[in-house]
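Step one of this worksheet: look at the structure below.
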Amino acid sequence: MSDIPTEIRDRTAIVGIGGTDFGALYRERDASRSQYDLAAQAFVAALADAGLSKTAIDGLICVRVPDYQRLAAMLGLHSLHLVNSLEGTGRMAGVALQYAVTAIVTGQADTVAVVYGNNGRSASAQYGGGFDSSSPAAYEAMYGMTSPGASVALMYRRHQHEFGTTDDALAAVALNNRKNGALNDKAVYQQPITRDDYFKSRYIAEPLRLFDYCIINDGGVAFIVTRADRARDLRQPPAYVAATYSATELTNFYAVRDYFYGACQDVAKRLYPAAGISPSDVDCLQVYDNFTPTVLFSLEGFDHCPRGESGSWVQDGRIELGGELPVNTSGGHTAESYMQGFGLTIEAVRQVRGQAGARQVPDCEVVQYICASPIVNAHILHA
Amino acid sequence: MTETKPEYEKPLPAITELNAPFWDGTRQGELRLQACSACGHRWFPAAARCPQCLSTDYRWTAASGRGRVWSWIVMHQRYFKSFEADLPYKVILVELDEGPLITGAMADAAAEVRCDLPVRVTFEAATEGVSIPKFVPA
């Protein structure tokens with residue numbers, strides 16, 4: 001099969017978005033805060049944004065909200081045609097949109113709400129240190145090896161060795177996120193950092209420093225996807241989904257030998273033709289940045305720069321607002337909020353709509369979302 | 001008065017019927033991997049089925065114990081209380097000559113490490129019955 005299918009191109013659109021105030025939630029930790037309440041809050045905001053009544057929703061995909069039945073009951077969604085919960089991992093933000101689009105295009109549902117809730121900070125979530133003695137992770141834990149961040153650190157060190165990448169690359173990504181966060185009044189961190197701050201921040205899993213790491217915080221995000229013909233009559237300008245694809249590199253461990261390059265290329269080779277664009281048509285990029293090196297891996301994997309050259313490519317303001325390809329305009333996971341790809345997804349929609357305020361990319365028509373992880377996914381959204 | 005070794009508190013994988021040959025090997029100073037009888041593929045850690053051809057017919061055979069450091073980190077964060085006294089400590093990821101990646105540590109915690117450093121396996125007794133693979137420059 002050599003033909004790239006274009007059946008889904010512009011058949012669906014994101015028509016409503018909702019997110020909580022991440023900064024306010026961060027300042028007031030609350031052990032009783034539930035991911036269900038956060039998800040519900042975001043859902044209500046997304047409905048209002050779309051100008052839809054909840055009776056229009058006939059599909060519900062929950063992420064990091066383990067019990068879809070409980071959430072559906074809370075929201076009084078009684079006659080759904082499509083419902084499930086996906087695991088609470090970052091790779092699922094892209095998967096959820098992919099499923100929503102597929103369901104709508106195939107007529108399984110008309111209007112799907114994708115709803116995410118995360119009380120990680122209040123519930124003291126840990127991303128490392130736990131292991132199951134009967135799982136492959138036990139073979140890492142016996143050497144004190146744990147956490148996705150340390151695995152990304154392994155890949156980044158190898159990338160340095162292979163391509164000569166320096167920590168200035170990570171500094172550029174970290175500084176860009178904080179600079180953008182300063183333009184986002186919902187961000188957890190709204191203070192820029194200097195290059196000096198970056199290099200003085202403590203190591204977590206060396207070569208990665210504190211400022212390379214995502215925040216652990218609370219929040220909820222929701223977005224509503226519907227048929228394109230219906231989208232045109234709603235309150236907001238539609239963010240059409242031109243294409244969405246996934247590809248995997250699933251091994252026993254998080255680190256893989258090619259920095260997810262093969263899986264990224266698998267997606268890229270289908271994504272751009274299916275959307276009818278090339279990488280240079282992308283006006284704004286939202287990249288899943290659980291740790292800053294994934295931005296480098298994503299830029300290379302999706303042909304925004306030649307392989308191995310991301311380290312120098314991100315310099316000189318190229319990824320900043322006003323640069324050639326603004327990246328993570330709301331501050332990404334290290335400044336805005338660690339909503340595991342969901343915050344980036346709704347920022348992509350804001351950029352497409354021209355509603356990103358002080359951080360709006362001028363004449364923004366095409367926005368790409370990328371997640372480079374054991375499940376790679378990417379979408380192209382456009383006005 | 002008899003001296004007793006302090007109890008080993010660091011994480012260890014559960015030893016099962018499936019992976020017991022690996023642990024018998026480490027105790028006897030040999031790094032053993034499964035080798036698929038159908039396609040020859042070798043893998044780590046232990047699994048009941050060849051992930052390449054899906055055969056359940058395999059043998060445990062000694063690996064060369066040689067490889068190179070694919071990458072390495074220095075862990076500064078305290079994730080495991082049992083590693084607290086070691087902080088900061090190096091973790092290496094070794095690409096064995098047979099192909100699989102195996103996480104490890106240098107036998108000499110202070111040893112210099114770099115990507116592509118050739119290494120060979122050695123074994124360190126963790127408890128009376130369990131020895132864990134570590135590495136030395138080859």
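The chains in the structure tokens are called A, B, ... from first to last as shown; in each chain the residues are counted from 1, and the ligands are counted from 1 in the order shown.
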Interface residues on chain A facing chain B, 10 Å, only C-alpha atoms, written as a PyMOL selection string: chain A and resi 126-147+150-162+202-209+252-253+255-257
Backbone DSSP call of helix (DSSP H, G or I) for stretch 91-242 of chain A, listed as an NGL selection string: :A and (92-105 or 138-141 or 148-163 or 167-181 or 195-200 or 210-212 or 228-231)
Strand (DSSP E or B) residues, from DSSP on the backbone, in stretch 223-271 of chain A, as an NGL selection string: :A and (223-227 or 239-248)
File of the preceding selection, C-alpha atoms, as a PDB file, in the first residue's frame:
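As a result, part_8.pdb now contains:
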ATOM      1  CA  PHE A 223     -11.091  19.341  24.268  1.00  0.00           C
ATOM      2  CA  ILE A 224     -14.088  18.576  22.090  1.00  0.00           C
ATOM      3  CA  VAL A 225     -13.813  17.098  18.621  1.00  0.00           C
ATOM      4  CA  THR A 226     -16.677  17.016  16.152  1.00  0.00           C
ATOM      5  CA  ARG A 227     -17.513  16.635  12.456  1.00  0.00           C
ATOM      6  CA  ALA A 239      -9.117  23.891  14.382  1.00  0.00           C
ATOM      7  CA  TYR A 240      -9.320  21.298  11.611  1.00  0.00           C
ATOM      8  CA  VAL A 241      -7.441  18.036  12.019  1.00  0.00           C
ATOM      9  CA  ALA A 242      -5.568  17.547   8.762  1.00  0.00           C
ATOM     10  CA  ALA A 243      -3.823  14.336   9.845  1.00  0.00           C
ATOM     11  CA  THR A 244      -2.948  12.320  12.927  1.00  0.00           C
ATOM     12  CA  TYR A 245      -0.759   9.216  13.174  1.00  0.00           C
ATOM     13  CA  SER A 246       1.104   7.075  15.697  1.00  0.00           C
ATOM     14  CA  ALA A 247       3.996   4.611  15.568  1.00  0.00           C
ATOM     15  CA  THR A 248       5.669   2.670  18.342  1.00  0.00           C
TER      16      THR A 248
END
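With only C-alpha atoms as the basis for measurement, A:Ala378 is the residue among A:Cys284, A:Ile216, A:Ala378, A:Val188 that approaches A:Ala263 most closely.
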12 Å contact set for A:Ala171, only C-alpha atoms, chain neighbours under 4 positions out, as a ChimeraX atom specification: /A:165-167,175-179,193-201,207-213,291-293,295-296,311-312,314-317
Contact residues around stretch 99-104 of chain A with only C-alpha atoms at 12 Å, ignoring same-chain residues under 3 positions, as a PyMOL selection string: chain A and resi 7-14+57-62+81-86+92-96+107-115+223-230+240-246+377+379
Nearest-residue call for B:Asp57, choices B:Gly99, B:Asp24, B:Glu7, B:Gln34, using only C-alpha atoms: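 Ranking B:Gly99, B:Asp24, B:Glu7, B:Gln34 by distance to B:Asp57, first place goes to B:Gln34.
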Between atom CA of A:Asp185 and atom CA of A:Thr345 - distance in Å to one decimal: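 Between these atoms lies a distance of 17.5 Å.
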Computed interatomic separation between atom CA of A:Tyr116 and atom CA of A:Val221 (Å):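 Separation between atom CA of A:Tyr116 and atom CA of A:Val221: 5.2 Å.
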Within 7 Å of B:Val136 using only C-alpha atoms, minus same-chain residues under 6 positions, as a count of residues only: 6
Nearest to B:Gly65, chosen from B:Gly40, B:Gly129, B:Pro137, B:Pro21, with only C-alpha atoms counted in the distances: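 Of all the options, B:Pro137 lies closest to B:Gly65.
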A:Pro237, A:Gly262, A:Gly357, A:Gly19 ranked by distance to A:Ser373, top pick (using only C-alpha atoms):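 Among the listed residues, the smallest separation from A:Ser373 belongs to A:Gly262.
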Non-local contacts of B:Arg49 (12 Å; only C-alpha atoms; under 2 positions in same chain excluded) as a PyMOL selection string: chain B and resi 18+34-39+41-47+51-59
Could you write out that same residue set with C-alpha atoms as a PDB file, in the first residue's frame?
ATOM      1  CA  LEU B  18      11.825 -18.754  34.296  1.00  0.00           C
ATOM      2  CA  GLN B  34      18.405 -17.272  26.337  1.00  0.00           C
ATOM      3  CA  ALA B  35      19.055 -18.275  22.724  1.00  0.00           C
ATOM      4  CA  CYS B  36      16.138 -19.159  20.495  1.00  0.00           C
ATOM      5  CA  SER B  37      16.466 -22.665  19.092  1.00  0.00           C
ATOM      6  CA  ALA B  38      14.377 -21.708  16.073  1.00  0.00           C
ATOM      7  CA  CYS B  39      15.918 -18.412  14.949  1.00  0.00           C
ATOM      8  CA  HIS B  41      17.840 -14.581  18.555  1.00  0.00           C
ATOM      9  CA  ARG B  42      19.095 -13.707  22.050  1.00  0.00           C
ATOM     10  CA  TRP B  43      17.292 -11.529  24.518  1.00  0.00           C
ATOM     11  CA  PHE B  44      17.347 -10.019  27.987  1.00  0.00           C
ATOM     12  CA  PRO B  45      15.732 -10.051  30.502  1.00  0.00           C
ATOM     13  CA  ALA B  46      14.253 -13.542  30.627  1.00  0.00           C
ATOM     14  CA  ALA B  47      11.029 -14.145  28.752  1.00  0.00           C
ATOM     15  CA  PRO B  51      10.278 -11.904  20.933  1.00  0.00           C
ATOM     16  CA  GLN B  52      11.566 -12.246  17.370  1.00  0.00           C
ATOM     17  CA  CYS B  53      10.008 -15.480  16.035  1.00  0.00           C
ATOM     18  CA  LEU B  54       7.656 -16.240  18.969  1.00  0.00           C
ATOM     19  CA  SER B  55       9.039 -19.741  19.486  1.00  0.00           C
ATOM     20  CA  THR B  56       9.005 -21.081  23.031  1.00  0.00           C
ATOM     21  CA  ASP B  57      11.935 -23.341  22.262  1.00  0.00           C
ATOM     22  CA  TYR B  58      15.106 -21.847  23.689  1.00  0.00           C
ATOM     23  CA  ARG B  59      18.331 -22.747  25.476  1.00  0.00           C
TER      24      ARG B  59
END
